[in-house]
Structures are given as C-alpha cells and as structure tokens.
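Engineer: Got input_9.csv for you, CSV, C-alpha atoms:
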```
chain,number,residue,atom,x,y,z
A,1,MET,CA,-39.0,31.0,19.7
A,2,THR,CA,-36.2,29.4,21.6
A,3,THR,CA,-33.2,27.8,20.0
A,4,THR,CA,-31.2,25.1,21.7
A,5,THR,CA,-27.5,24.9,21.1
A,6,GLN,CA,-24.5,23.1,22.6
A,7,SER,CA,-20.8,23.8,22.4
A,8,MET,CA,-18.4,21.1,21.8
A,9,THR,CA,-17.8,20.6,25.5
A,10,SER,CA,-21.0,21.8,27.0
A,11,THR,CA,-21.7,18.6,29.0
A,12,PRO,CA,-19.6,16.4,31.2
A,13,LEU,CA,-20.2,13.6,28.7
A,14,GLN,CA,-18.8,15.7,25.9
A,15,LYS,CA,-15.9,16.9,28.0
A,16,ALA,CA,-15.0,13.3,28.9
A,17,THR,CA,-15.2,12.3,25.2
A,18,ALA,CA,-12.9,15.2,24.2
A,19,THR,CA,-10.5,14.1,27.0
A,20,VAL,CA,-10.4,10.5,25.8
A,21,ALA,CA,-10.0,11.7,22.2
A,22,ALA,CA,-7.1,14.0,23.2
A,23,THR,CA,-5.5,11.1,25.0
A,24,PHE,CA,-5.7,8.9,21.9
A,25,LEU,CA,-4.2,11.7,19.8
A,26,VAL,CA,-1.3,12.1,22.2
A,27,VAL,CA,-0.6,8.4,22.3
A,28,GLY,CA,-0.7,8.2,18.5
A,29,ILE,CA,1.8,11.0,18.3
A,30,LEU,CA,4.1,9.6,21.0
A,31,GLY,CA,4.2,6.3,19.2
A,32,PHE,CA,6.1,8.0,16.4
A,33,ILE,CA,8.7,9.7,18.7
A,34,PRO,CA,12.0,7.8,19.1
A,35,GLY,CA,13.0,7.5,22.8
A,36,ILE,CA,9.5,7.6,24.0
A,37,THR,CA,9.0,4.6,21.7
A,38,THR,CA,11.8,2.1,22.3
A,39,ASN,CA,13.2,0.0,19.5
A,40,TYR,CA,11.9,2.7,17.2
A,41,ASP,CA,14.1,1.5,14.3
A,42,ASP,CA,12.4,-1.9,14.6
A,43,MET,CA,8.9,-0.5,14.0
A,44,THR,CA,7.1,-2.1,11.1
A,45,PHE,CA,3.9,-0.9,9.4
A,46,ALA,CA,1.9,-3.7,10.8
A,47,GLY,CA,2.2,-7.2,12.3
A,48,HIS,CA,3.8,-8.9,15.2
A,49,HIS,CA,7.3,-8.4,13.9
A,50,SER,CA,7.4,-4.8,15.1
A,51,ASN,CA,9.6,-4.7,18.2
A,52,ALA,CA,8.8,-1.0,18.9
A,53,GLN,CA,7.3,-0.4,22.3
A,54,LEU,CA,5.6,2.8,23.5
A,55,LEU,CA,7.2,3.7,26.9
A,56,GLY,CA,9.1,0.4,26.6
A,57,ILE,CA,5.8,-1.4,27.6
A,58,PHE,CA,3.2,-1.4,24.9
A,59,GLY,CA,3.8,-3.0,21.5
A,60,VAL,CA,3.2,-0.5,18.6
A,61,SER,CA,3.5,-0.4,14.8
A,62,VAL,CA,2.8,2.4,12.3
A,63,LEU,CA,-0.7,1.0,11.8
A,64,HIS,CA,-1.3,0.9,15.6
A,65,ASN,CA,-0.3,4.5,15.9
A,66,ILE,CA,-2.5,5.6,13.0
A,67,VAL,CA,-5.4,3.8,14.6
A,68,HIS,CA,-4.9,5.8,17.8
A,69,LEU,CA,-4.7,9.0,15.8
A,70,LEU,CA,-7.9,8.2,13.9
A,71,PHE,CA,-9.6,7.2,17.1
A,72,GLY,CA,-8.7,10.6,18.5
A,73,VAL,CA,-10.0,12.5,15.5
A,74,VAL,CA,-13.3,10.6,15.5
A,75,GLY,CA,-13.6,11.3,19.2
A,76,PHE,CA,-13.3,15.0,18.7
A,77,LEU,CA,-15.8,15.0,15.9
A,78,MET,CA,-18.3,12.9,17.9
A,79,ALA,CA,-17.8,15.1,21.0
A,80,ARG,CA,-19.6,17.9,19.2
A,81,SER,CA,-23.0,16.4,20.1
A,82,TRP,CA,-24.2,14.8,23.3
A,83,SER,CA,-25.5,11.7,21.4
A,84,GLY,CA,-22.3,11.4,19.4
A,85,ALA,CA,-20.2,11.6,22.5
A,86,LYS,CA,-22.2,8.9,24.2
A,87,ALA,CA,-22.0,6.7,21.1
A,88,TYR,CA,-18.2,7.2,20.8
A,89,LEU,CA,-17.6,6.2,24.5
A,90,ILE,CA,-19.9,3.2,24.5
A,91,GLY,CA,-19.2,2.1,20.9
A,92,GLY,CA,-15.4,2.7,21.2
A,93,GLY,CA,-15.4,0.9,24.6
A,94,ALA,CA,-17.1,-2.1,22.9
A,95,ILE,CA,-14.4,-2.0,20.2
A,96,TYR,CA,-11.7,-2.1,22.8
A,97,LEU,CA,-13.4,-5.0,24.6
A,98,VAL,CA,-13.5,-6.9,21.3
A,99,LEU,CA,-9.8,-6.0,20.7
A,100,THR,CA,-9.1,-7.4,24.2
A,101,VAL,CA,-10.7,-10.7,23.4
A,102,TYR,CA,-8.9,-10.8,20.1
A,103,GLY,CA,-5.6,-10.1,21.9
A,104,PHE,CA,-6.1,-12.9,24.4
A,105,VAL,CA,-7.2,-15.4,21.7
A,106,VAL,CA,-4.8,-14.7,18.8
A,107,ASP,CA,-1.3,-16.2,19.1
A,108,ARG,CA,1.1,-13.3,19.7
A,109,HIS,CA,3.5,-14.6,17.0
A,110,ALA,CA,0.9,-15.4,14.4
A,111,ASP,CA,0.3,-13.4,11.2
A,112,ALA,CA,-3.2,-12.8,12.5
A,113,ASN,CA,-1.7,-10.5,15.1
A,114,PHE,CA,-1.5,-7.6,12.6
A,115,VAL,CA,-2.1,-4.7,15.1
A,116,PRO,CA,0.3,-5.9,17.0
A,117,VAL,CA,-1.0,-6.6,20.5
A,118,ASP,CA,0.9,-8.1,23.5
A,119,ASN,CA,-0.1,-8.9,27.1
A,120,ALA,CA,0.4,-5.3,28.3
A,121,ASP,CA,-1.8,-4.1,25.4
A,122,ASN,CA,-4.5,-6.6,26.2
A,123,TRP,CA,-4.8,-5.4,29.8
A,124,LEU,CA,-4.7,-1.8,28.8
A,125,HIS,CA,-7.4,-2.4,26.1
A,126,LEU,CA,-9.6,-4.1,28.8
A,127,VAL,CA,-9.3,-1.1,31.1
A,128,LEU,CA,-9.9,1.3,28.3
A,129,GLY,CA,-13.0,-0.6,27.1
A,130,LEU,CA,-14.5,-0.9,30.5
A,131,GLY,CA,-13.6,2.7,31.4
A,132,MET,CA,-15.0,4.2,28.1
A,133,ILE,CA,-18.3,2.2,28.5
A,134,GLY,CA,-18.5,3.2,32.2
A,135,LEU,CA,-18.1,6.9,31.3
A,136,GLY,CA,-20.6,6.6,28.5
A,137,VAL,CA,-23.2,4.9,30.7
A,138,PHE,CA,-22.6,7.0,33.8
A,139,LEU,CA,-22.3,10.4,32.2
A,140,GLY,CA,-24.9,9.6,29.5
A,141,ARG,CA,-27.7,8.8,31.8
A,142,THR,CA,-29.3,12.2,31.2
A,143,ASN,CA,-28.8,15.3,29.1
A,144,ASP,CA,-31.1,17.5,31.2
A,145,GLY,CA,-29.9,20.8,32.4
A,146,HIS,CA,-26.9,21.0,30.1
A,147,ARG,CA,-28.3,23.0,27.2
A,148,THR,CA,-28.2,26.7,26.8
A,149,ASN,CA,-31.4,28.2,25.5
A,150,LEU,CA,-30.9,31.3,23.4
A,151,PRO,CA,-33.7,33.5,22.2
A,152,GLY,CA,-34.1,33.3,18.5
```
Spell out the structure here as structure tokens.
Structural biologist:
Amino acid sequence: MTTTTQSMTSTPLQKATATVAATFLVVGILGFIPGITTNYDDMTFAGHHSNAQLLGIFGVSVLHNIVHLLFGVVGFLMARSWSGAKAYLIGGGAIYLVLTVYGFVVDRHADANFVPVDNADNWLHLVLGLGMIGLGVFLGRTNDGHRTNLPG
C-alpha cells in the first residue's frame, strides 16, 4: 500500500500561497506600528475618518489591519493542501477584485467606505486581485509530480 502525503509547502502553489499569507500578516502587523503607519494617533476602528496611512500611502484602520491579519492566517491554513492553496489564491483574488470595484464606486468620504479605501488602496487591490488569481491559475494547472509517495 502507498500513502500520499504533502507538507505545507510541498508544491509551488502552496509555497506561493504561504508567501502571500505571510505578506498579509506582515502588512497587518505593520499597520499597528507607529512611524511605519503615519498619523497613527488618527487611526479609527473603521470608516473613512481614519487618517492613518501605512507607509504614508495606503489608508488603514484597525479593522483594515485585522482583515489583513485574518487573511494571512486563513492563507496559512489553506496552504496546507494543494486544493486549499488554489482556492485561497483564486477566491482571495476575486475578493480583492470585488474590493477594487467597491473602492472605485463608493464615495471616499461616505459612511459606506467603512474599510477605509482610497485611490492607492484601489490600485493595490487591483494588482493583488489579478496577481493572486494569476498565481492560482498558473501554478494550479496541475498537481502532478509534487507528491511524495511513502510506503505504508
């Protein structure tokens, strides 16, 4: 009998997912560090009234940072399997494309802008969405040859 197993980062797809997840965790943490996040004292829990900006460019709030942290944790959990990694990249990319449309449609100063998102965030979300979907599709084309067969 042969048992098929995979480690958390046994395929390029899973490695890419773990890298994306790690990036989200780092961004979520950096959003809570004064100096890296400018106007830190003006950060609100949610909404467009938060004047805090990660790296002085991207609008952030406590909620925005928590979402990044959660997105990172989910990515690591889903990177444990090939199918989970693919779903994370493609599904997460789709979420970011929806967030891009939301960001371009919602009035930046409206109460509906609860994340908050600004123009820099919109373009970053577009690149993230397309990049994540691209990785998921390109690296998720096949799972052949990336399994370790152990006798059992």
Engineer: Nearest to A:Ile66: which of A:Gly31, A:Gly103, A:Pro12, A:Gly136 is it, counting only C-alpha atoms?
Structural biologist: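 Of the candidates, the smallest distance to A:Ile66 is held by A:Gly31.
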Engineer: Between A:Val27, A:Ala87, A:Leu128, A:Leu77, single out the one closest to A:Leu99, counting all atoms listed in the file.
Structural biologist: A:Leu128
Engineer: I need the residue nearest A:Asn65 from this list: A:Phe24, A:Tyr102, A:Tyr96, A:Tyr40. Use all atoms listed in the file for the distance.
Structural biologist: A:Phe24
Engineer: Find the spatial neighbours of A:Phe76, counting all atoms listed in the file, within a cut-off of 8 Å - ignore same-chain residues fewer than 6 positions away - and output them as a VMD selection string.
Structural biologist: chain A and resid 17 to 18 21 to 22
Engineer: Using only C-alpha atoms, which residues sit within 12 Å of stretch 104-114 of chain A once same-chain residues fewer than 3 positions away are excluded, as a VMD selection string?
Structural biologist: chain A and resid 44 to 51 59 to 64 97 to 101 117 to 123 125 to 126
Engineer: Go ahead and compute the interatomic distance for atom CA of A:Gly91 and atom CA of A:Gly28, in Å to one decimal.
Structural biologist: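 Interatomic distance here is 19.6 Å.
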Engineer: Dump as a PyMOL selection string all residues having an atom at most 12 Å from (-21.2, 5.5, 30.2), computed in the file's coordinates with only C-alpha atoms.
Structural biologist: chain A and resi 12-14+16-17+82-83+85-94+129-142
Engineer: Using all atoms listed in the file, can you tell me which of A:Ile36, A:Ala52, A:Met43, A:Val26 comes closest to A:Leu70?
Structural biologist: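 That would be A:Val26, the residue with the smallest distance to A:Leu70.
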Engineer: What gap, in Å, lies between atom CA of A:Gly56 and atom CA of A:Val74?
Structural biologist: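 Going from atom CA of A:Gly56 over to atom CA of A:Val74, I get 27.0 Å.
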